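Reviewing the structure listed below.
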Amino acid sequence: MTLYLLLFYAFIAVVSVQIIYYLSFLFSFSIKRADKQLKKHIPISVIVCAKNEAENLKKNIPLIINQEYSNFEIVLVNDSSFDDTLEVMKTFEADNLNIKLVDVKTNEAFWGNKKYALTLGIKASKHDFLVFTDADCAPNSKHWLEHMSGHFSNKKSIVLGYGAYAKKRFSFLNKLIRYETVMTALQYFSYANMGSPYMGVGRNMAYRKELFFNNSGFNNHMSIKSGDDDLFINEVANSSNTALCFTKDSFTISEPKTSFKAWILQKRRHISTASFYKLKHQFLLGLFFSTQLLFWILGISLLAIGFSWHWIVALISLRFLIQWLCFGFTAKKFGEVDLIILAPILELFLITTQLSIFIANLISKPKHWK
């Protein structure tokens with residue numbers, strides 16, 4: 001058997017895995033309709049942890065204050081900022097009775113650890129139902145809290161939301177960031193939809209305080225600088241306690257990074273937590289990434305040497321068709337239709353970047369969250 005034939009069979013296997021993965025794991029969520037669960041306004045504590053975010057707080061906290069929700073408090077956590085963050089928070093606290101300020105001083109044992117600051121914020125909150133977002137996130141509507149809280153029930157103690165990024169015209173980096181965000185959401189919503197939730201994003205998620213303390217908070221991974229969202233959800237979420245909220249009114253919108261260097265540093269922190277996921281999630285996510293990478297390597301190689309090119313083109317086309325269906329339906333749900341036509345190009349750039357980040361993280365680990 002020639003080397004070329006072995007590569008061809010390997011390519012068939014890779015495409016088959018990709019197609020099975022898309023159809024088995026991702027397709028069911030891509031066609032799932034958003035469920036509006038608008039219920040009685042339960043008491044909510046919104047927790048915003050900020051480090052050097054004075055300008056973002058000025059823009060976004062009023063959008064939380066003005067939520068059309070009858071019973072909520074806002075807990076502002078200043079994580080040892082050295083800009084005007086604390087002063088901005090004090091101004092909001094003075095003008096609003098439902099705002100509570102937690103000022104976290106520098107602690108050598110927990111320096112640069114957002115989990116420590118969040119823990120103090122959670123302890124200071126007065127309600128059992130907690131909604132989390134970041135200082136650079138703006139609710140997509142005045143009904144954000146209503147939609148997120150409406151998914152809590154006697155059985156559902158976790159609500160996973162969608163945190164989008166703002167669109168910037170004529171920016172390839174912006175399209176790449178938004179593509180990665182949609183693909184990540186497609187993955188974590190799909191797994192949760194199948195009864196195997198593995199992560200959420202701190203830009204938009206909610207859970208009960210009781211769940212946090214029953215799990216001893218972030219204690220099992222406090223030494224890891226990242227993971228206040230995904231590692232915690234990976235620990236506590238299961239098939240019965242997790243709800244999905246992806247109505248457009250429930251989105252949050254963040255300002256994306258504007259340089260590749262800043263974005264890669266952010267992704268290095270995010271990717272560094274993946275090795276601490278449950279083994280089944282590590283295996284399945286690793287399988288998806290590795291077959292993505294091999295799809296491009298083997299496909300381009302076989303086309304370059306002209307081996308059975310008509311079969312290669314047919315397999316590539318079939319895989320892209322299924323990818324476009326899954327990604328396209330999801331992108332439409334999340335208001336990212338402009339990315340659909342560019343999906344193959346964006347995927348190639350993304351997996352190349354992820355590979356470089358993985359190699360960089362093997363050499364050195366990110367040391368703090370900001």
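Each chain in the structure tokens gets a letter, A, B, ..., in the order shown, and its residues are numbered from 1; ligands are numbered from 1 in order too.
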
Under the rule of at most 12 Å, produce a per-residue listing of stretch 58-146 of chain A near stretch 229-239 of chain A: chain, number, name, the closest pair of atoms, and the distance in Å, as a tab-separated table, using only C-alpha atoms.
residue	atom	partner	partner_atom	distance
A:Lys114	CA	A:Asp229	CA	10.5
A:Lys115	CA	A:Asp229	CA	9.3
A:Leu118	CA	A:Asp229	CA	10.6
A:Val131	CA	A:Asp229	CA	11.8
A:Phe132	CA	A:Asp229	CA	9.3
A:Thr133	CA	A:Asp229	CA	10.4
A:Asp134	CA	A:Asp229	CA	11.5

Write out, as a compact mmCIF listing (two decimals), in the first residue's frame, the residues just selected, with C-alpha atoms.
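Below you can see part_5.txt, which holds the result:
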# COMPACT_ATOMS: atom_id res chain seq x y z
CA LYS A 114 -10.12 36.78 39.89
CA LYS A 115 -11.60 33.80 41.76
CA LEU A 118 -15.40 36.85 42.92
CA VAL A 131 -26.06 36.51 37.57
CA PHE A 132 -22.50 37.17 36.38
CA THR A 133 -21.15 39.51 33.76
CA ASP A 134 -17.99 41.54 33.15

Please give the complete set of residues from stretch 90-274 of chain A that DSSP, run on the backbone, assigns to alpha helix (DSSP H), formatted as a PyMOL selection string. chain A and resi 90-95+114-124+144-149+172-193+209-214+230-236+260-271

For stretch 316-329 of chain A, please output as a PyMOL selection string all residues within 9 Å (counting only C-alpha atoms; exclusion window: fewer than 6 positions along the same chain). chain A and resi 15-16+18-19+22-23+26-31+182-183+186+295+299+336-337+339-341+343-344

Just N, CA and C atoms for this one: save the residues we selected as a short mmCIF file (atom, residue, chain, number, x, y, z; two decimals), in the first residue's frame.
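Wrote result.cif, looks like this:
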data_model
loop_
_atom_site.label_atom_id
_atom_site.label_comp_id
_atom_site.auth_asym_id
_atom_site.auth_seq_id
_atom_site.Cartn_x
_atom_site.Cartn_y
_atom_site.Cartn_z
N VAL A 15 -12.50 12.94 7.79
CA VAL A 15 -13.75 13.56 7.34
C VAL A 15 -14.95 12.86 7.97
N SER A 16 -14.88 11.55 8.09
CA SER A 16 -15.98 10.79 8.70
C SER A 16 -16.18 11.20 10.15
N GLN A 18 -15.32 14.06 11.54
CA GLN A 18 -15.85 15.42 11.55
C GLN A 18 -17.36 15.44 11.26
N ILE A 19 -17.77 14.69 10.27
CA ILE A 19 -19.19 14.67 9.90
C ILE A 19 -20.03 14.07 11.03
N TYR A 22 -20.21 16.65 13.89
CA TYR A 22 -21.15 17.74 13.60
C TYR A 22 -22.59 17.27 13.71
N LEU A 23 -22.90 16.12 13.12
CA LEU A 23 -24.28 15.65 13.10
C LEU A 23 -24.73 15.11 14.45
N LEU A 26 -23.42 18.66 17.32
CA LEU A 26 -23.66 20.09 17.10
C LEU A 26 -24.95 20.41 16.36
N PHE A 27 -25.43 19.51 15.54
CA PHE A 27 -26.57 19.85 14.68
C PHE A 27 -27.85 20.09 15.48
N SER A 28 -28.08 19.29 16.51
CA SER A 28 -29.35 19.39 17.24
C SER A 28 -29.51 20.77 17.89
N PHE A 29 -28.41 21.34 18.41
CA PHE A 29 -28.54 22.68 18.97
C PHE A 29 -28.67 23.73 17.86
N SER A 30 -27.97 23.53 16.74
CA SER A 30 -27.99 24.54 15.69
C SER A 30 -29.40 24.80 15.17
N ILE A 31 -30.28 23.79 15.26
CA ILE A 31 -31.65 23.97 14.78
C ILE A 31 -32.64 24.17 15.94
N VAL A 182 -18.74 32.25 18.32
CA VAL A 182 -19.90 31.46 17.88
C VAL A 182 -19.59 29.97 17.95
N MET A 183 -18.40 29.57 17.51
CA MET A 183 -18.05 28.14 17.54
C MET A 183 -17.95 27.63 18.98
N LEU A 186 -21.48 27.29 20.16
CA LEU A 186 -22.09 26.11 19.53
C LEU A 186 -21.68 24.85 20.27
N PHE A 295 -7.86 17.56 8.88
CA PHE A 295 -8.68 17.79 7.68
C PHE A 295 -7.98 18.76 6.74
N GLY A 299 -6.12 17.33 3.51
CA GLY A 299 -6.84 17.79 2.32
C GLY A 299 -5.97 18.60 1.39
N GLU A 336 -24.92 36.69 13.68
CA GLU A 336 -23.59 36.76 13.08
C GLU A 336 -23.60 36.22 11.64
N VAL A 337 -24.63 36.59 10.89
CA VAL A 337 -24.84 36.06 9.55
C VAL A 337 -23.69 36.40 8.61
N LEU A 339 -20.69 36.14 8.97
CA LEU A 339 -19.55 35.23 9.10
C LEU A 339 -19.73 33.94 8.32
N ILE A 340 -20.94 33.64 7.90
CA ILE A 340 -21.23 32.32 7.33
C ILE A 340 -20.40 32.04 6.09
N ILE A 341 -20.37 32.96 5.16
CA ILE A 341 -19.66 32.74 3.90
C ILE A 341 -18.16 32.59 4.11
N ALA A 343 -16.73 31.18 6.78
CA ALA A 343 -16.46 30.16 7.79
C ALA A 343 -15.24 29.29 7.49
N PRO A 344 -15.06 28.76 6.27
CA PRO A 344 -13.86 27.92 6.02
C PRO A 344 -12.54 28.67 6.23
#

What's around A:Ser141 at 12 Å? Count only C-alpha atoms, leave out sequence neighbours fewer than 4 positions away in its own chain, and write the answer as a ChimeraX atom specification. /A:60,63-69,137,145-148,247-253

Enumerate as a PyMOL selection string all residues of stretch 187-311 of chain A assigned to strand (DSSP E or B) by DSSP on the backbone, naming them with the chain letters and numbers the document uses. chain A and resi 205-208+242-244+252-254

Using the selection just defined, write its residues with C-alpha atoms as a PDB file, in the first residue's frame.
ATOM      1  CA  MET A 205     -24.033  33.121  33.114  1.00  0.00           C
ATOM      2  CA  ALA A 206     -25.980  32.508  36.299  1.00  0.00           C
ATOM      3  CA  TYR A 207     -26.155  30.026  39.148  1.00  0.00           C
ATOM      4  CA  ARG A 208     -27.461  29.632  42.680  1.00  0.00           C
ATOM      5  CA  THR A 242     -28.440  23.239  33.655  1.00  0.00           C
ATOM      6  CA  ALA A 243     -30.647  25.458  31.488  1.00  0.00           C
ATOM      7  CA  LEU A 244     -29.818  27.270  28.235  1.00  0.00           C
ATOM      8  CA  THR A 252     -24.423  40.533  26.457  1.00  0.00           C
ATOM      9  CA  ILE A 253     -22.155  42.449  24.072  1.00  0.00           C
ATOM     10  CA  SER A 254     -18.465  42.989  24.821  1.00  0.00           C
TER      11      SER A 254
END

Which residues are near A:Lys90? Cut-off 10 Å, only C-alpha atoms, ignore same chain within fewer than 5 positions. Put them as a compact mmCIF listing (two decimals) with N, CA and C atoms, in the first residue's frame.
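Output (out_33.txt):
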# COMPACT_ATOMS: atom_id res chain seq x y z
N LEU A 76 -20.69 45.30 42.96
CA LEU A 76 -19.51 45.72 42.21
C LEU A 76 -18.26 45.33 42.99
N THR A 85 -11.20 52.87 38.92
CA THR A 85 -12.31 51.92 39.06
C THR A 85 -13.03 52.08 40.40
N ASP A 95 -25.22 56.81 44.47
CA ASP A 95 -26.42 57.25 43.76
C ASP A 95 -27.50 56.18 43.65
N ASN A 96 -27.18 54.94 44.03
CA ASN A 96 -28.13 53.84 43.84
C ASN A 96 -28.19 52.95 45.07
N ILE A 99 -27.01 49.10 44.92
CA ILE A 99 -25.62 48.77 44.57
C ILE A 99 -24.80 48.58 45.84
N LYS A 100 -24.03 47.50 45.85
CA LYS A 100 -23.15 47.19 46.98
C LYS A 100 -21.72 47.12 46.44
N LEU A 101 -20.78 47.70 47.15
CA LEU A 101 -19.39 47.74 46.72
C LEU A 101 -18.53 46.81 47.58
N VAL A 102 -17.72 46.01 46.92
CA VAL A 102 -16.74 45.16 47.60
C VAL A 102 -15.36 45.56 47.08
N ASP A 103 -14.55 46.10 47.96
CA ASP A 103 -13.20 46.56 47.58
C ASP A 103 -12.17 45.52 48.02

Pairwise distance for atom CA of A:Ile357 and atom CA of A:Leu265, rounded to one decimal in Å: 8.7 Å

Coordinates-based distance that separates atom CA of A:Phe358 from atom CA of A:Ile271 (Å, one decimal): 7.4 Å

Of the listed residues A:Ala135, A:Lys333, A:Lys278, A:Phe25, that which approaches A:Gly195 most closely, counting only C-alpha atoms: A:Phe25

Could you check which of A:Trp311, A:Phe289, A:Tyr277, A:Tyr21 is closest to A:Leu350, using only C-alpha atoms?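 Under the stated criterion, the closest residue is A:Phe289.
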
Which residue, A:Phe334, A:Leu287, A:Asp84, A:Leu348, has the smallest gap to A:Ala164 when you use only C-alpha atoms? A:Phe334

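The gap separating atom CA of A:Lys142 from atom CA of A:Lys257 is 25.3 Å, in Å to one decimal.
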
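In terms of minimum interatomic distance to A:Gln37, A:His143 ranks closest within A:His143, A:Lys51, A:His270, A:Lys168, counting only C-alpha atoms.
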
Which residues are near A:Ser81? Cut-off 9 Å, only C-alpha atoms, ignore same chain within fewer than 5 positions. Put them as a PDB file with N, CA and C atoms, in the first residue's frame.
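Writing done, so here's part28.pdb:
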ATOM      1  N   ALA A  50     -14.352  43.707  38.507  1.00  0.00           N
ATOM      2  CA  ALA A  50     -13.625  44.579  37.586  1.00  0.00           C
ATOM      3  C   ALA A  50     -12.216  44.888  38.090  1.00  0.00           C
ATOM      4  N   LYS A  51     -11.285  44.903  37.167  1.00  0.00           N
ATOM      5  CA  LYS A  51      -9.908  45.301  37.466  1.00  0.00           C
ATOM      6  C   LYS A  51      -9.467  46.303  36.402  1.00  0.00           C
ATOM      7  N   ASN A  52      -9.292  47.546  36.815  1.00  0.00           N
ATOM      8  CA  ASN A  52      -8.884  48.621  35.899  1.00  0.00           C
ATOM      9  C   ASN A  52      -9.880  48.786  34.751  1.00  0.00           C
ATOM     10  N   GLU A  53     -11.145  48.951  35.107  1.00  0.00           N
ATOM     11  CA  GLU A  53     -12.216  49.032  34.110  1.00  0.00           C
ATOM     12  C   GLU A  53     -13.067  50.294  34.297  1.00  0.00           C
ATOM     13  N   LEU A  86     -12.287  52.143  41.495  1.00  0.00           N
ATOM     14  CA  LEU A  86     -12.905  52.239  42.820  1.00  0.00           C
ATOM     15  C   LEU A  86     -13.724  53.519  42.947  1.00  0.00           C
ATOM     16  N   VAL A 104     -11.604  44.818  47.056  1.00  0.00           N
ATOM     17  CA  VAL A 104     -10.647  43.742  47.348  1.00  0.00           C
ATOM     18  C   VAL A 104      -9.237  44.311  47.338  1.00  0.00           C
ATOM     19  N   LYS A 105      -8.585  44.235  48.469  1.00  0.00           N
ATOM     20  CA  LYS A 105      -7.223  44.740  48.576  1.00  0.00           C
ATOM     21  C   LYS A 105      -6.227  43.712  48.029  1.00  0.00           C
ATOM     22  N   THR A 106      -5.050  44.189  47.676  1.00  0.00           N
ATOM     23  CA  THR A 106      -4.011  43.293  47.170  1.00  0.00           C
ATOM     24  C   THR A 106      -3.662  42.249  48.224  1.00  0.00           C
TER      25      THR A 106
END

Closest to A:Ser149 among A:Leu285, A:Ile224, A:Met194, A:Leu38, using only C-alpha atoms?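 Checking each candidate against A:Ser149, we get A:Leu38 as the closest.
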
Which residues of stretch 13-64 of chain A have any atom within 12 Å of an atom in stretch 126-130 of chain A when counting only C-alpha atoms, and what is the closest pair of atoms for each, with the distance in Å to one decimal? Order the rows by chain and rising number and write it as JSON lines.
{"residue": "A:His41", "atom": "CA", "partner": "A:Phe129", "partner_atom": "CA", "distance": 11.0}
{"residue": "A:Ile42", "atom": "CA", "partner": "A:Phe129", "partner_atom": "CA", "distance": 7.9}
{"residue": "A:Pro43", "atom": "CA", "partner": "A:His127", "partner_atom": "CA", "distance": 6.1}
{"residue": "A:Ile44", "atom": "CA", "partner": "A:Phe129", "partner_atom": "CA", "distance": 5.1}
{"residue": "A:Ser45", "atom": "CA", "partner": "A:Leu130", "partner_atom": "CA", "distance": 4.9}
{"residue": "A:Val46", "atom": "CA", "partner": "A:Leu130", "partner_atom": "CA", "distance": 5.9}
{"residue": "A:Ile47", "atom": "CA", "partner": "A:Leu130", "partner_atom": "CA", "distance": 7.0}
{"residue": "A:Val48", "atom": "CA", "partner": "A:Leu130", "partner_atom": "CA", "distance": 10.5}

Using only C-alpha atoms, which of the listed residues (A:Tyr191, A:Pro256, A:Phe11, A:Arg268) sits closest to A:Ser356?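 Comparing A:Tyr191, A:Pro256, A:Phe11, A:Arg268 against A:Ser356, the winner is A:Arg268.
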